[in-house]
Amino acid sequence: MSSLEHPGIRKVAEALPAATAARIVVLPDAVRTAAAAAQAVGVQVGAIANSLVFAAVRDGKASPLLVLTSGAHRADTSLIAGLVGADAVKRADPEFVREHTGQVIGGVSPVGHPAPIETVVDESLSGYEEIWAAAGHPHAVYPTTFADLVALTGGRVAAVAS
């Protein structure tokens, strides 16, 4: 499979600047965890931007929330709920993730979704010169920078782990 044959990867490539899209890497094996992705591309696990989709519940209504967190730690949902003014932030099920991102868990990219998603970017990712993120498929990743990740997603930078 070339990097643009899969529809999910193609949508991500179209959402990225051309120079970044040209650097999408399709790996022989799926990298559904930060540890697997880090090993596959030869970086520290903290340099992996996990794309975590949550259901942010406000007044009983759930809306998608994308949290881009460093692979080196776990997101604190109570802390995140406070950051975004939600009554609760809950892990989204696979159907919710696919509905709002067009992608499957393990391959959710920061970009390339059917509509913009409220996004929070983990401030600890700023400590890495290069960050790797999923590219719309569990076998695909791409390198970027913290500044580009924030700019492309329109994300709010915050601490997401306690």
# chains A, B, ... in the order shown; residues from 1 in each chain; ligands from 1
>>> select_by_dssp(residues="chain A", states="helix (DSSP H, G or I)", output="JSON, numbers by chain")
{"A": [7, 8, 9, 10, 11, 12, 13, 14, 15, 18, 19, 20, 21, 34, 35, 36, 37, 38, 39, 40, 41, 45, 46, 47, 77, 78, 79, 80, 81, 82, 83, 84, 94, 95, 96, 97, 98, 99, 100, 101, 123, 124, 125, 126, 127, 146, 147, 148, 149, 150, 151, 152, 153]}
>>> write_last_selection(atoms="C-alpha atoms", output="short mmCIF file (atom, residue, chain, number, x, y, z; two decimals), in the first residue's frame")
data_model
loop_
_atom_site.label_atom_id
_atom_site.label_comp_id
_atom_site.auth_asym_id
_atom_site.auth_seq_id
_atom_site.Cartn_x
_atom_site.Cartn_y
_atom_site.Cartn_z
CA PRO A 7 -8.76 6.82 1.93
CA GLY A 8 -7.95 7.66 5.58
CA ILE A 9 -4.31 8.34 4.79
CA ARG A 10 -5.27 10.35 1.71
CA LYS A 11 -7.55 12.63 3.77
CA VAL A 12 -4.77 13.22 6.26
CA ALA A 13 -2.27 13.95 3.46
CA GLU A 14 -4.69 16.47 1.97
CA ALA A 15 -5.00 18.24 5.34
CA ALA A 18 2.70 19.22 1.10
CA ALA A 19 6.17 18.90 2.63
CA THR A 20 4.75 17.13 5.69
CA ALA A 21 2.40 14.92 3.66
CA ALA A 34 2.70 4.88 21.60
CA ALA A 35 5.33 2.30 22.54
CA ALA A 36 4.91 0.44 19.25
CA ALA A 37 5.02 3.68 17.25
CA ALA A 38 8.12 4.89 19.08
CA GLN A 39 9.92 1.62 18.45
CA ALA A 40 8.92 1.61 14.76
CA VAL A 41 10.26 5.11 14.06
CA VAL A 45 7.81 7.25 23.54
CA GLY A 46 7.24 10.82 24.74
CA ALA A 47 7.73 12.09 21.17
CA THR A 77 -9.88 13.16 32.26
CA SER A 78 -10.91 15.16 35.36
CA LEU A 79 -8.23 17.74 34.64
CA ILE A 80 -9.22 17.87 30.97
CA ALA A 81 -12.92 18.27 31.83
CA GLY A 82 -12.02 21.34 33.87
CA LEU A 83 -9.89 22.75 31.04
CA VAL A 84 -12.70 22.53 28.49
CA PRO A 94 -15.12 3.04 18.43
CA GLU A 95 -18.37 4.12 16.71
CA PHE A 96 -18.16 7.65 18.18
CA VAL A 97 -14.50 7.90 17.14
CA ARG A 98 -15.20 6.82 13.57
CA GLU A 99 -18.28 9.06 13.29
CA HIS A 100 -16.36 12.19 14.29
CA THR A 101 -12.91 11.48 12.81
CA GLU A 123 2.24 21.03 26.55
CA SER A 124 4.83 18.33 27.29
CA LEU A 125 5.07 17.61 23.55
CA SER A 126 6.83 20.98 23.24
CA GLY A 127 9.95 19.37 24.70
CA PHE A 146 4.94 21.02 18.19
CA ALA A 147 4.31 24.44 16.61
CA ASP A 148 2.93 22.86 13.44
CA LEU A 149 0.75 20.46 15.43
CA VAL A 150 -0.80 23.33 17.36
CA ALA A 151 -1.23 25.48 14.24
CA LEU A 152 -2.76 22.70 12.11
CA THR A 153 -5.24 21.60 14.75
#
>>> select_by_dssp(residues="stretch 30-147 of chain A", states="strand (DSSP E or B)", output="number ranges by chain")
A: 48-58, 61-70, 88-91, 118-122, 131-134, 140-144
>>> atom_distance(atom1="atom CA of A:Glu129", atom2="atom CA of A:Ser51")
18.4 Å
>>> closest_residue(among="A:Asp93, A:Glu118, A:Asp87, A:Asp29", to="A:Val141", atoms="only C-alpha atoms")
A:Asp29
>>> atom_distance(atom1="atom CA of A:His73", atom2="atom CA of A:Pro28")
25.9 Å
>>> closest_residue(among="A:Val108, A:Ala135, A:Ala75, A:Ala86", to="A:Val160", atoms="only C-alpha atoms")
A:Ala75
>>> atom_distance(atom1="atom CA of A:Ala134", atom2="atom CA of A:Val104")
10.6 Å
>>> residues_around(residues="A:Val157", least_positions_apart="2", cutoff="8 Å", atoms="only C-alpha atoms", output="VMD selection string")
chain A and resid 120 to 123 150 155 159
>>> decode(residues="stretch 47-92 of chain A", atoms="N, CA and C atoms", output="mmCIF file, in the first residue's frame")
data_model
loop_
_atom_site.group_PDB
_atom_site.id
_atom_site.type_symbol
_atom_site.label_atom_id
_atom_site.label_comp_id
_atom_site.auth_asym_id
_atom_site.auth_seq_id
_atom_site.Cartn_x
_atom_site.Cartn_y
_atom_site.Cartn_z
ATOM 1 N N ALA A 47 7.798 11.335 22.429
ATOM 2 C CA ALA A 47 7.731 12.094 21.171
ATOM 3 C C ALA A 47 6.595 11.610 20.269
ATOM 4 N N ILE A 48 5.798 10.685 20.777
ATOM 5 C CA ILE A 48 4.622 10.220 20.031
ATOM 6 C C ILE A 48 3.414 11.021 20.512
ATOM 7 N N ALA A 49 2.700 11.617 19.573
ATOM 8 C CA ALA A 49 1.479 12.353 19.903
ATOM 9 C C ALA A 49 0.304 11.393 19.798
ATOM 10 N N ASN A 50 -0.153 10.914 20.936
ATOM 11 C CA ASN A 50 -1.333 10.047 20.954
ATOM 12 C C ASN A 50 -2.560 10.895 20.648
ATOM 13 N N SER A 51 -3.363 10.468 19.704
ATOM 14 C CA SER A 51 -4.621 11.149 19.393
ATOM 15 C C SER A 51 -5.734 10.421 20.124
ATOM 16 N N LEU A 52 -6.153 10.979 21.235
ATOM 17 C CA LEU A 52 -7.181 10.363 22.059
ATOM 18 C C LEU A 52 -8.496 11.101 21.855
ATOM 19 N N VAL A 53 -9.518 10.376 21.468
ATOM 20 C CA VAL A 53 -10.830 10.984 21.267
ATOM 21 C C VAL A 53 -11.685 10.687 22.490
ATOM 22 N N PHE A 54 -12.243 11.752 23.035
ATOM 23 C CA PHE A 54 -13.126 11.645 24.193
ATOM 24 C C PHE A 54 -14.495 12.204 23.835
ATOM 25 N N ALA A 55 -15.477 11.842 24.652
ATOM 26 C CA ALA A 55 -16.799 12.447 24.574
ATOM 27 C C ALA A 55 -16.850 13.460 25.716
ATOM 28 N N ALA A 56 -16.852 14.745 25.358
ATOM 29 C CA ALA A 56 -16.953 15.810 26.364
ATOM 30 C C ALA A 56 -18.440 16.059 26.596
ATOM 31 N N VAL A 57 -18.895 15.799 27.815
ATOM 32 C CA VAL A 57 -20.313 15.913 28.137
ATOM 33 C C VAL A 57 -20.572 17.262 28.791
ATOM 34 N N ARG A 58 -21.438 18.019 28.134
ATOM 35 C CA ARG A 58 -21.855 19.327 28.649
ATOM 36 C C ARG A 58 -23.380 19.368 28.611
ATOM 37 N N ASP A 59 -23.996 19.596 29.752
ATOM 38 C CA ASP A 59 -25.462 19.636 29.848
ATOM 39 C C ASP A 59 -26.109 18.395 29.229
ATOM 40 N N GLY A 60 -25.514 17.242 29.464
ATOM 41 C CA GLY A 60 -26.070 15.980 28.996
ATOM 42 C C GLY A 60 -25.808 15.642 27.538
ATOM 43 N N LYS A 61 -25.143 16.535 26.815
ATOM 44 C CA LYS A 61 -24.871 16.298 25.391
ATOM 45 C C LYS A 61 -23.372 16.042 25.188
ATOM 46 N N ALA A 62 -23.051 14.965 24.472
ATOM 47 C CA ALA A 62 -21.652 14.598 24.221
ATOM 48 C C ALA A 62 -21.180 15.172 22.898
ATOM 49 N N SER A 63 -20.022 15.802 22.926
ATOM 50 C CA SER A 63 -19.382 16.283 21.699
ATOM 51 C C SER A 63 -17.959 15.755 21.672
ATOM 52 N N PRO A 64 -17.372 15.619 20.471
ATOM 53 C CA PRO A 64 -16.019 15.064 20.392
ATOM 54 C C PRO A 64 -14.972 16.036 20.920
ATOM 55 N N LEU A 65 -13.987 15.487 21.566
ATOM 56 C CA LEU A 65 -12.839 16.239 22.062
ATOM 57 C C LEU A 65 -11.605 15.417 21.726
ATOM 58 N N LEU A 66 -10.680 16.018 21.009
ATOM 59 C CA LEU A 66 -9.425 15.360 20.657
ATOM 60 C C LEU A 66 -8.337 15.876 21.586
ATOM 61 N N VAL A 67 -7.681 14.963 22.273
ATOM 62 C CA VAL A 67 -6.568 15.327 23.148
ATOM 63 C C VAL A 67 -5.315 14.695 22.571
ATOM 64 N N LEU A 68 -4.366 15.541 22.202
ATOM 65 C CA LEU A 68 -3.086 15.080 21.666
ATOM 66 C C LEU A 68 -2.107 15.069 22.819
ATOM 67 N N THR A 69 -1.832 13.886 23.326
ATOM 68 C CA THR A 69 -1.014 13.761 24.515
ATOM 69 C C THR A 69 0.278 13.017 24.219
ATOM 70 N N SER A 70 1.291 13.347 24.959
ATOM 71 C CA SER A 70 2.564 12.649 24.831
ATOM 72 C C SER A 70 2.375 11.187 25.198
ATOM 73 N N GLY A 71 3.026 10.320 24.436
ATOM 74 C CA GLY A 71 2.960 8.896 24.719
ATOM 75 C C GLY A 71 3.607 8.512 26.040
ATOM 76 N N ALA A 72 4.271 9.457 26.683
ATOM 77 C CA ALA A 72 4.981 9.162 27.928
ATOM 78 C C ALA A 72 4.081 9.152 29.159
ATOM 79 N N HIS A 73 2.838 9.606 29.018
ATOM 80 C CA HIS A 73 1.956 9.591 30.187
ATOM 81 C C HIS A 73 0.484 9.456 29.805
ATOM 82 N N ARG A 74 -0.364 9.337 30.814
ATOM 83 C CA ARG A 74 -1.799 9.163 30.602
ATOM 84 C C ARG A 74 -2.523 10.488 30.803
ATOM 85 N N ALA A 75 -3.537 10.702 29.999
ATOM 86 C CA ALA A 75 -4.359 11.898 30.121
ATOM 87 C C ALA A 75 -5.235 11.788 31.375
ATOM 88 N N ASP A 76 -5.378 12.891 32.082
ATOM 89 C CA ASP A 76 -6.207 12.973 33.280
ATOM 90 C C ASP A 76 -7.560 13.553 32.870
ATOM 91 N N THR A 77 -8.583 12.703 32.788
ATOM 92 C CA THR A 77 -9.880 13.158 32.264
ATOM 93 C C THR A 77 -10.547 14.201 33.159
ATOM 94 N N SER A 78 -10.334 14.140 34.465
ATOM 95 C CA SER A 78 -10.909 15.158 35.358
ATOM 96 C C SER A 78 -10.261 16.512 35.098
ATOM 97 N N LEU A 79 -8.954 16.517 34.951
ATOM 98 C CA LEU A 79 -8.231 17.744 34.641
ATOM 99 C C LEU A 79 -8.684 18.309 33.297
ATOM 100 N N ILE A 80 -8.808 17.444 32.309
ATOM 101 C CA ILE A 80 -9.217 17.873 30.967
ATOM 102 C C ILE A 80 -10.644 18.420 30.982
ATOM 103 N N ALA A 81 -11.534 17.780 31.727
ATOM 104 C CA ALA A 81 -12.918 18.272 31.833
ATOM 105 C C ALA A 81 -12.924 19.707 32.343
ATOM 106 N N GLY A 82 -12.114 19.982 33.348
ATOM 107 C CA GLY A 82 -12.018 21.341 33.873
ATOM 108 C C GLY A 82 -11.470 22.325 32.849
ATOM 109 N N LEU A 83 -10.493 21.881 32.065
ATOM 110 C CA LEU A 83 -9.892 22.751 31.039
ATOM 111 C C LEU A 83 -10.890 23.177 29.973
ATOM 112 N N VAL A 84 -11.781 22.253 29.602
ATOM 113 C CA VAL A 84 -12.702 22.527 28.489
ATOM 114 C C VAL A 84 -14.119 22.867 28.951
ATOM 115 N N GLY A 85 -14.316 22.975 30.264
ATOM 116 C CA GLY A 85 -15.630 23.336 30.778
ATOM 117 C C GLY A 85 -16.675 22.269 30.569
ATOM 118 N N ALA A 86 -16.270 21.010 30.674
ATOM 119 C CA ALA A 86 -17.207 19.903 30.504
ATOM 120 C C ALA A 86 -17.605 19.352 31.873
ATOM 121 N N ASP A 87 -18.812 18.801 31.938
ATOM 122 C CA ASP A 87 -19.256 18.139 33.162
ATOM 123 C C ASP A 87 -18.451 16.861 33.371
ATOM 124 N N ALA A 88 -18.101 16.213 32.266
ATOM 125 C CA ALA A 88 -17.300 14.988 32.305
ATOM 126 C C ALA A 88 -16.628 14.800 30.951
ATOM 127 N N VAL A 89 -15.517 14.095 30.976
ATOM 128 C CA VAL A 89 -14.817 13.701 29.750
ATOM 129 C C VAL A 89 -14.646 12.196 29.842
ATOM 130 N N LYS A 90 -15.259 11.504 28.867
ATOM 131 C CA LYS A 90 -15.255 10.041 28.884
ATOM 132 C C LYS A 90 -14.599 9.502 27.625
ATOM 133 N N ARG A 91 -13.930 8.370 27.761
ATOM 134 C CA ARG A 91 -13.317 7.707 26.604
ATOM 135 C C ARG A 91 -14.418 7.380 25.600
ATOM 136 N N ALA A 92 -14.207 7.727 24.359
ATOM 137 C CA ALA A 92 -15.201 7.492 23.313
ATOM 138 C C ALA A 92 -15.132 6.042 22.828
#
